[in-house]
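Below is the file upload.cif, which contains mmCIF, C-alpha atoms.
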data_target
loop_
_atom_site.label_atom_id
_atom_site.label_comp_id
_atom_site.auth_asym_id
_atom_site.auth_seq_id
_atom_site.Cartn_x
_atom_site.Cartn_y
_atom_site.Cartn_z
CA MET A 18 42.04 83.25 69.77
CA GLY A 19 39.07 81.88 71.67
CA ILE A 20 36.69 83.61 74.00
CA VAL A 21 36.20 82.88 77.68
CA ILE A 22 32.63 82.51 78.91
CA ALA A 23 31.94 82.15 82.63
CA VAL A 24 28.74 80.34 83.61
CA ILE A 25 27.59 81.88 86.88
CA SER A 26 24.51 81.93 89.11
CA GLY A 27 25.16 83.21 92.61
CA LYS A 28 22.88 80.61 94.15
CA GLY A 29 23.79 76.95 93.98
CA GLY A 30 21.58 74.21 92.61
CA VAL A 31 20.00 76.18 89.77
CA GLY A 32 21.56 74.06 87.02
CA LYS A 33 24.85 75.85 86.39
CA THR A 34 26.92 72.70 85.91
CA THR A 35 24.20 71.06 83.82
CA ALA A 36 24.10 74.17 81.64
CA THR A 37 27.90 74.22 81.27
CA ALA A 38 27.98 70.57 80.19
CA ASN A 39 25.11 70.93 77.73
CA LEU A 40 26.35 74.18 76.22
CA GLY A 41 29.84 72.75 75.89
CA LEU A 42 28.47 69.78 73.96
CA GLY A 43 26.02 71.98 72.05
CA ILE A 44 28.76 74.32 70.86
CA ALA A 45 30.91 71.30 69.94
CA MET A 46 27.98 69.96 67.90
CA ASN A 47 28.14 73.21 65.93
CA GLY A 48 31.65 72.26 64.84
CA GLU A 49 33.54 74.58 67.17
CA ASN A 50 36.41 73.55 69.40
CA VAL A 51 35.35 73.83 73.02
CA VAL A 52 36.88 73.24 76.41
CA VAL A 53 34.80 73.22 79.59
CA VAL A 54 36.69 73.90 82.81
CA ASP A 55 35.38 73.11 86.27
CA PHE A 56 36.28 76.02 88.56
CA ASP A 57 34.41 74.58 91.52
CA ILE A 58 37.51 73.52 93.39
CA GLY A 59 36.83 71.05 96.19
CA GLN A 60 33.36 70.32 94.85
CA ARG A 61 34.05 68.83 91.46
CA ASN A 62 30.88 67.83 89.61
CA LEU A 63 31.19 68.65 85.93
CA ASP A 64 33.07 65.38 85.44
CA MET A 65 30.03 63.42 86.70
CA ILE A 66 27.56 65.32 84.52
CA LEU A 67 29.75 64.71 81.47
CA GLY A 68 30.29 61.05 82.41
CA LEU A 69 34.06 61.55 82.48
CA GLU A 70 34.75 61.02 86.20
CA ASN A 71 36.70 57.81 85.65
CA ARG A 72 39.06 59.43 83.18
CA VAL A 73 40.25 62.28 85.40
CA VAL A 74 43.94 61.88 86.15
CA TYR A 75 45.19 65.45 86.46
CA ASP A 76 43.32 68.60 87.40
CA MET A 77 43.51 72.30 86.57
CA VAL A 78 45.30 73.17 89.81
CA GLN A 79 48.12 70.80 88.88
CA VAL A 80 48.30 72.50 85.49
CA MET A 81 48.40 75.96 87.08
CA GLU A 82 51.12 74.87 89.47
CA GLY A 83 53.15 73.57 86.55
CA GLU A 84 53.12 69.98 87.79
CA VAL A 85 51.69 68.69 84.51
CA GLY A 86 51.27 70.06 81.02
CA ILE A 87 47.89 71.22 79.80
CA LYS A 88 47.73 68.54 77.10
CA GLN A 89 48.15 65.81 79.71
CA ALA A 90 45.32 67.16 81.85
CA LEU A 91 42.76 67.73 79.10
CA ILE A 92 40.21 64.95 78.63
CA LYS A 93 38.54 64.49 75.29
CA SER A 94 34.80 63.75 75.28
CA LYS A 95 33.78 60.30 74.11
CA VAL A 96 30.67 61.57 72.38
CA ASN A 97 32.10 64.58 70.55
CA PRO A 98 35.80 64.99 69.71
CA ASN A 99 35.38 68.78 69.52
CA LEU A 100 34.77 68.90 73.27
CA SER A 101 37.51 68.73 75.87
CA PHE A 102 37.27 68.91 79.62
CA LEU A 103 39.56 70.11 82.40
CA ALA A 104 38.68 68.90 85.89
CA ALA A 105 38.67 70.86 89.12
CA SER A 106 40.91 69.78 91.95
CA GLN A 107 38.97 67.78 94.49
CA THR A 108 41.57 67.78 97.27
CA LYS A 109 42.50 71.45 97.43
CA ASP A 110 40.24 74.32 98.44
CA LYS A 111 39.21 77.48 96.67
CA THR A 112 41.94 79.61 98.22
CA VAL A 113 44.48 77.83 96.04
CA LEU A 114 43.62 80.02 93.02
CA GLU A 115 45.83 82.97 92.13
CA SER A 116 44.97 85.62 89.56
CA SER A 117 48.25 85.43 87.67
CA LYS A 118 48.06 81.65 87.36
CA VAL A 119 44.41 81.67 86.34
CA LYS A 120 45.27 84.22 83.66
CA LEU A 121 48.10 82.08 82.27
CA LEU A 122 45.89 78.98 82.20
CA LEU A 123 43.11 80.80 80.35
CA GLU A 124 45.56 82.35 77.88
CA SER A 125 46.87 78.94 76.90
CA LEU A 126 43.35 77.51 76.61
CA LYS A 127 42.31 80.45 74.41
CA ASP A 128 45.20 79.64 72.09
CA ASN A 129 43.92 76.12 71.59
CA PHE A 130 40.12 76.45 71.62
CA ASP A 131 37.40 78.64 70.08
CA TYR A 132 35.36 78.60 73.28
CA VAL A 133 36.60 78.29 76.85
CA ILE A 134 33.64 77.74 79.16
CA LEU A 135 34.13 78.04 82.90
CA ASP A 136 31.77 76.46 85.40
CA ALA A 137 31.83 78.87 88.35
CA PRO A 138 31.37 77.75 91.94
CA ALA A 139 28.20 78.83 93.71
CA GLY A 140 28.48 81.87 95.96
CA ILE A 141 30.22 85.17 95.35
CA GLU A 142 33.51 84.62 97.18
CA GLY A 143 37.09 84.21 96.00
CA GLY A 144 36.57 81.16 93.80
CA TYR A 145 33.77 82.92 91.98
CA GLU A 146 35.81 86.09 91.56
CA HIS A 147 38.65 84.17 89.97
CA THR A 148 36.23 82.56 87.54
CA ILE A 149 34.90 85.88 86.27
CA GLU A 150 38.11 87.90 86.48
CA PHE A 151 39.37 87.17 82.96
CA ALA A 152 36.06 86.29 81.30
CA ASP A 153 35.04 87.98 78.06
CA ALA A 154 31.40 87.09 78.59
CA ALA A 155 29.16 85.66 81.27
CA ILE A 156 26.09 83.47 81.11
CA ILE A 157 23.94 83.85 84.19
CA VAL A 158 21.71 80.89 85.03
CA VAL A 159 18.60 81.52 87.13
CA ASN A 160 15.47 79.66 88.15
CA PRO A 161 12.20 81.62 88.10
CA GLU A 162 12.27 81.89 91.85
CA VAL A 163 13.04 84.76 94.25
CA SER A 164 16.23 83.55 95.95
CA SER A 165 17.89 82.57 92.69
CA ILE A 166 17.10 85.93 91.07
CA ARG A 167 18.26 87.97 94.04
CA ASP A 168 21.53 86.03 94.31
CA ALA A 169 22.08 86.38 90.56
CA ASP A 170 21.84 90.15 90.90
CA ARG A 171 24.59 90.10 93.52
CA ALA A 172 26.78 87.94 91.30
CA ILE A 173 26.19 90.33 88.36
CA GLY A 174 27.14 93.27 90.61
CA ILE A 175 30.49 91.64 91.38
CA LEU A 176 31.02 90.78 87.72
CA ASP A 177 30.46 94.44 86.83
CA SER A 178 33.00 95.68 89.35
CA LYS A 179 35.68 93.00 89.52
CA SER A 180 36.21 91.68 86.03
CA GLN A 181 39.38 92.73 84.25
CA LYS A 182 37.41 93.83 81.17
CA VAL A 183 35.38 96.29 83.23
CA LYS A 184 38.53 97.55 84.96
CA ASP A 185 39.98 98.18 81.48
CA GLY A 186 36.93 100.24 80.61
CA GLU A 187 35.39 97.58 78.38
CA GLU A 188 32.15 95.70 78.77
CA VAL A 189 31.63 92.11 79.84
CA VAL A 190 28.91 90.67 77.66
CA LYS A 191 26.13 89.27 79.87
CA TYR A 192 23.27 87.01 78.96
CA LEU A 193 20.62 85.23 80.98
CA ILE A 194 19.38 81.66 80.82
CA ILE A 195 16.15 81.00 82.69
CA ASN A 196 16.16 77.37 83.68
CA ARG A 197 13.38 75.08 84.96
CA ILE A 198 10.39 77.00 83.65
CA VAL A 199 7.00 75.38 84.23
CA ALA A 200 4.66 76.77 81.56
CA GLN A 201 1.50 75.89 83.49
CA MET A 202 2.68 77.81 86.54
CA VAL A 203 3.67 80.87 84.50
CA GLN A 204 0.28 80.83 82.83
CA SER A 205 -1.57 80.58 86.12
CA GLY A 206 0.48 83.40 87.63
CA GLU A 207 2.28 81.22 90.13
CA MET A 208 5.71 81.61 88.54
CA LEU A 209 7.58 84.71 87.41
CA ASN A 210 7.56 85.11 83.64
CA SER A 211 10.70 85.82 81.63
CA GLU A 212 9.80 89.46 80.84
CA ASP A 213 9.57 90.24 84.56
CA ILE A 214 12.86 88.50 85.33
CA LEU A 215 14.66 90.37 82.54
CA GLU A 216 13.22 93.64 83.77
CA ILE A 217 14.24 93.02 87.38
CA LEU A 218 17.80 92.00 86.46
CA ASN A 219 18.09 94.45 83.55
CA ILE A 220 19.76 91.90 81.30
CA LYS A 221 19.40 90.34 77.85
CA LEU A 222 17.94 86.88 77.33
CA LEU A 223 19.94 84.02 75.86
CA GLY A 224 17.27 81.37 76.23
CA LYS A 225 14.62 79.63 78.27
CA ILE A 226 14.76 76.03 79.40
CA PRO A 227 11.65 74.19 80.50
CA GLU A 228 11.57 72.00 83.58
CA ASP A 229 12.40 68.51 82.35
CA ARG A 230 12.57 65.38 84.50
CA GLY A 231 14.87 63.91 81.91
CA VAL A 232 17.69 66.13 83.22
CA ILE A 233 18.09 63.98 86.34
CA ASP A 234 17.84 60.81 84.32
CA ALA A 235 20.55 62.20 82.05
CA SER A 236 22.86 63.14 84.92
CA ASN A 237 22.36 59.69 86.48
CA GLN A 238 23.94 58.26 83.35
CA GLY A 239 26.53 60.95 82.76
CA LYS A 240 24.97 61.80 79.39
CA PRO A 241 23.98 65.47 79.11
CA ILE A 242 20.32 65.92 78.12
CA ILE A 243 21.29 67.54 74.81
CA LEU A 244 22.17 64.01 73.64
CA THR A 245 18.62 62.79 74.31
CA ASP A 246 16.64 63.22 71.12
CA LYS A 247 13.47 65.30 71.34
CA SER A 248 13.84 66.05 75.04
CA ILE A 249 12.42 69.49 75.73
CA ALA A 250 15.40 70.73 77.76
CA GLY A 251 17.84 69.23 75.27
CA GLU A 252 16.19 71.02 72.37
CA ALA A 253 16.34 74.29 74.33
CA TYR A 254 20.08 73.78 74.91
CA LYS A 255 20.56 73.11 71.19
CA ARG A 256 18.91 76.42 70.31
CA ILE A 257 20.94 78.32 72.91
CA SER A 258 24.19 76.74 71.69
CA MET A 259 23.41 77.81 68.13
CA ARG A 260 22.81 81.36 69.36
CA ILE A 261 26.18 81.35 71.12
CA CYS A 262 27.76 80.27 67.83
CA GLY A 263 26.25 83.32 66.15
CA LYS A 264 23.27 81.68 64.48
CA ASN A 265 19.98 83.48 64.44
CA VAL A 266 17.51 81.20 66.21
CA LYS A 267 14.02 82.36 67.08
CA MET A 268 13.42 82.77 70.81
CA GLU A 269 11.35 79.86 72.05
CA ASP A 270 8.04 80.73 73.59
CA ILE A 271 7.89 77.86 76.04
CA GLU A 272 5.96 79.83 78.64
CA ARG A 273 2.97 80.39 76.40
CA GLU A 274 3.08 76.89 75.02
CA ASP A 275 -0.18 75.01 75.14
CA VAL A 276 0.33 72.61 78.01
CA GLY A 277 -2.21 70.24 76.53
CA PHE A 278 -5.49 69.02 77.89
CA MET A 279 -4.08 66.00 79.70
CA ASN A 280 -1.39 68.04 81.40
CA ARG A 281 -3.88 70.67 82.46
CA PHE A 282 -6.11 67.93 83.74
CA LYS A 283 -3.27 66.38 85.72
CA GLY A 284 -2.37 69.82 87.02
CA ILE A 285 -5.56 69.94 88.99
CA PHE A 286 -4.46 67.00 91.11
CA LYS A 287 -0.91 68.16 91.70
CA MET B 3 -9.29 81.67 88.51
CA PHE B 4 -12.73 81.80 90.03
CA PRO B 5 -14.36 85.20 90.30
CA TRP B 6 -14.72 84.90 94.08
CA SER B 7 -11.04 84.30 94.68
CA LYS B 8 -9.52 87.77 94.67
CA LYS B 9 -6.13 86.58 95.91
CA LYS B 10 -3.21 88.32 94.23
CA LYS B 11 -1.19 86.00 92.00
CA SER B 12 2.01 84.95 93.72
CA ALA B 13 4.20 85.74 90.68
CA SER B 14 3.29 89.42 90.89
CA ILE B 15 3.94 89.38 94.64
CA ALA B 16 7.35 87.88 93.87
CA LYS B 17 8.07 90.60 91.33
CA ASP B 18 7.19 93.40 93.76
CA ARG B 19 9.20 91.90 96.59
CA LEU B 20 12.22 91.22 94.39
CA THR B 21 12.19 94.71 92.92
CA ILE B 22 12.34 96.25 96.38
CA ALA B 23 14.90 93.78 97.78
CA ILE B 24 17.24 94.13 94.81
CA MET B 25 16.97 97.92 94.88
CA SER B 26 18.03 97.90 98.49
CA ASP B 27 20.83 95.35 97.81
CA ARG B 28 22.22 97.53 95.05
CA ARG B 29 22.08 100.65 97.22
CA ASN B 30 23.97 99.00 100.05
CA ASP B 31 26.41 97.39 97.72
CA THR B 32 29.77 98.70 98.79
CA ALA B 33 32.20 98.38 95.95
CA PRO B 34 34.92 95.75 96.54
CA PHE B 35 37.67 98.37 96.44
CA MET B 36 35.98 100.40 99.19
CA ASP B 37 38.24 99.26 102.05
CA GLU B 38 41.37 99.92 100.02
CA MET B 39 40.11 103.34 99.00
CA LYS B 40 39.23 104.17 102.60
CA ALA B 41 42.74 103.34 103.75
CA GLU B 42 44.27 105.43 100.97
CA ILE B 43 42.08 108.45 101.71
CA ILE B 44 42.98 108.23 105.39
CA GLU B 45 46.67 108.21 104.43
CA VAL B 46 46.27 111.37 102.34
CA VAL B 47 44.25 113.32 104.91
CA LYS B 48 46.54 112.16 107.71
CA LYS B 49 49.38 114.09 106.13
CA TYR B 50 47.59 117.30 107.05
CA MET B 51 45.20 116.52 109.90
CA SER B 52 44.54 113.70 112.30
CA VAL B 53 41.69 111.50 111.26
CA LYS B 54 39.46 109.60 113.64
CA ALA B 55 37.15 107.78 111.31
CA ILE B 56 36.01 107.71 107.74
CA GLU B 57 32.69 106.62 106.33
CA ILE B 58 32.04 106.17 102.63
CA THR B 59 28.61 105.50 101.22
CA LYS B 60 27.45 105.00 97.68
CA GLU B 61 24.08 106.54 96.96
CA ARG B 62 21.87 106.38 93.96
CA GLU B 63 19.07 108.73 93.10
CA GLY B 64 17.46 108.06 89.78
CA ASP B 65 20.27 108.00 87.25
CA ILE B 66 22.74 109.86 89.44
CA GLU B 67 25.20 107.93 91.52
CA ALA B 68 27.17 109.69 94.21
CA LEU B 69 29.87 108.85 96.68
CA SER B 70 29.67 110.62 99.99
CA ILE B 71 32.72 110.66 102.16
CA ASP B 72 32.47 111.61 105.81
CA ILE B 73 35.73 112.20 107.59
CA GLN B 74 35.68 112.57 111.30
CA LEU B 75 38.67 114.45 112.63
CA ASP B 76 40.45 113.76 115.84
CA ALA B 77 39.63 116.68 118.14
#
Can you dump the structure from the file as structure tokens?
Amino acid sequence: MGIVIAVISGKGGVGKTTATANLGLGIAMNGENVVVVDFDIGQRNLDMILGLENRVVYDMVQVMEGEVGIKQALIKSKVNPNLSFLAASQTKDKTVLESSKVKLLLESLKDNFDYVILDAPAGIEGGYEHTIEFADAAIIVVNPEVSSIRDADRAIGILDSKSQKVKDGEEVVKYLIINRIVAQMVQSGEMLNSEDILEILNIKLLGKIPEDRGVIDASNQGKPIILTDKSIAGEAYKRISMRICGKNVKMEDIEREDVGFMNRFKGIFK
Amino acid sequence: MFPWSKKKKSASIAKDRLTIAIMSDRRNDTAPFMDEMKAEIIEVVKKYMSVKAIEITKEREGDIEALSIDIQLDA
């Protein structure tokens, strides 16, 4: 029986879909069976980030409506056979989701995979609520920036009141990923550091990801950054994925990292 | 930083502003079931008296969270 992890953020554009794709691959690289599901109905994007957009035939709404079987709709990753993908519907809108059908879909995915990772839509409306409703755990993605952190707090508030686990008196496990950290800016006091963000949101840290231009280059090609050797964001995703799989990996200290003389020098002219 | 620039670092300004904004967001956060609960309470009270309006607020003071319910009766 697998576990369902919702990747949420509140605010859009913080790297939620990128995180979902990379963590899905990262967990698959650890030998686990993973499925990533795009819950952003009407604004499908996970397929592009994974480079699978040309292979989408059926979507999760068609599966929920019983039009096609789950096996027909699942797409296997080209780069790692442990990773499967279920696309969002692009033609319908978010109101199409129904609790009972979402529950059935997730139950059948849990029977077939170790990890079921859901890419939530931005915002805190219906589509988001359906994504978190039956989740066992949530990964909150933020940028070290005021609007992202404030919106994340709202999303966490809804998670804590609307998820089925909480209604049953249990706890939804919550972890934070801080994405797009610029070490130089943290060091010069121009960017919130991770301790402050954790204190404000009152949440545990799963990992920190440095700002990396390679992420856009990777999404241009539909190859998640975790596949790019020695990329700084990719390495961070590898460490986070190992943590999710229960491995004890030291927390990276990317904020205090020496940015190097040349970088500091360049910083002056930025 | 140069000694003559006494400007407060923007990260600490961000922290202060966020702390206050989030505190206020959480205070005003009406639980999603609030409307349903309101309707149910009105139904119960209505059995005995006529109700004009009902106002429910969630308040937090330190570690204590309280729900205050104001029911305005129809005179």
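Candidate residues A:Ile87, A:Ile257, A:Ile194, A:Ala104 were compared for distance to Val159 (chain A), and the nearest is A:Ile194, using all atoms listed in the file.
With only C-alpha atoms as the atoms that count, the residue of A:Ser180, A:Ser205, A:Asn129, A:Ser211 with the shortest distance to Pro161 (chain A) is A:Ser211.
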For the contact check between chain A and chain B, emit one row per residue of chain A within 7 Å, containing the shortest atom pair and the distance in Å rounded to one decimal, counting all atoms listed in the file, chain then rising number order, as a Markdown table.
| residue | atom | partner | partner_atom | distance |
| --- | --- | --- | --- | --- |
| A:Val163 | CA | B:Ala16 | CA | 6.5 |
| A:Arg167 | CA | B:Ile24 | CA | 6.3 |
| A:Gly206 | CA | B:Ala13 | CA | 5.3 |
| A:Glu207 | CA | B:Ala13 | CA | 4.9 |
| A:Met208 | CA | B:Ala13 | CA | 4.9 |
| A:Leu209 | CA | B:Ala13 | CA | 4.8 |
| A:Asp213 | CA | B:Lys17 | CA | 6.9 |
| A:Ile217 | CA | B:Thr21 | CA | 6.1 |
Evaluate the PyMOL selection byres ((chain A and resi 132-148) around 9) and record the selected residues as a ChimeraX atom specification, following the chain and residue labels used in the document.
/A:18-30,33-34,36-38,40-41,44,49-58,60,63,111-116,119,123,126-127,130-131,149-152,168,171-172,175-176,179-180
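Evaluated on this file, the PyMOL selection byres ((chain B and resi 65-73) around 10) matches Arg29, Lys40, Ile43, Ile44, Val47, Val53, Lys54, Ala55, Ile56, Glu57, Ile58, Thr59, Lys60, Glu61, Arg62, Glu63, Gly64, Gln74, Leu75 and Asp76 of chain B.
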In Å, how far is it from CA of Val190 (chain A) to CA of Val266 (chain A)?
18.7 Å
Tell me which protein, DNA and RNA residues are within 12 Å of Asn71 (chain A), counting only C-alpha atoms, leaving out same-chain ones fewer than 6 positions away, and put them as a ChimeraX atom specification.
/A:64-65,92,104,239
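Separating CA of Arg260 (chain A) from CA of Pro241 (chain A) is a distance of 18.7 Å.
Here CA of Ser117 (chain A) stands at a distance of 16.2 Å from CA of Glu84 (chain A).
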Rank nothing, just name the residue among A:Leu100, A:Leu193, A:Leu67, A:Leu122 nearest to Gly86 (chain A), using all atoms listed in the file.
A:Leu122
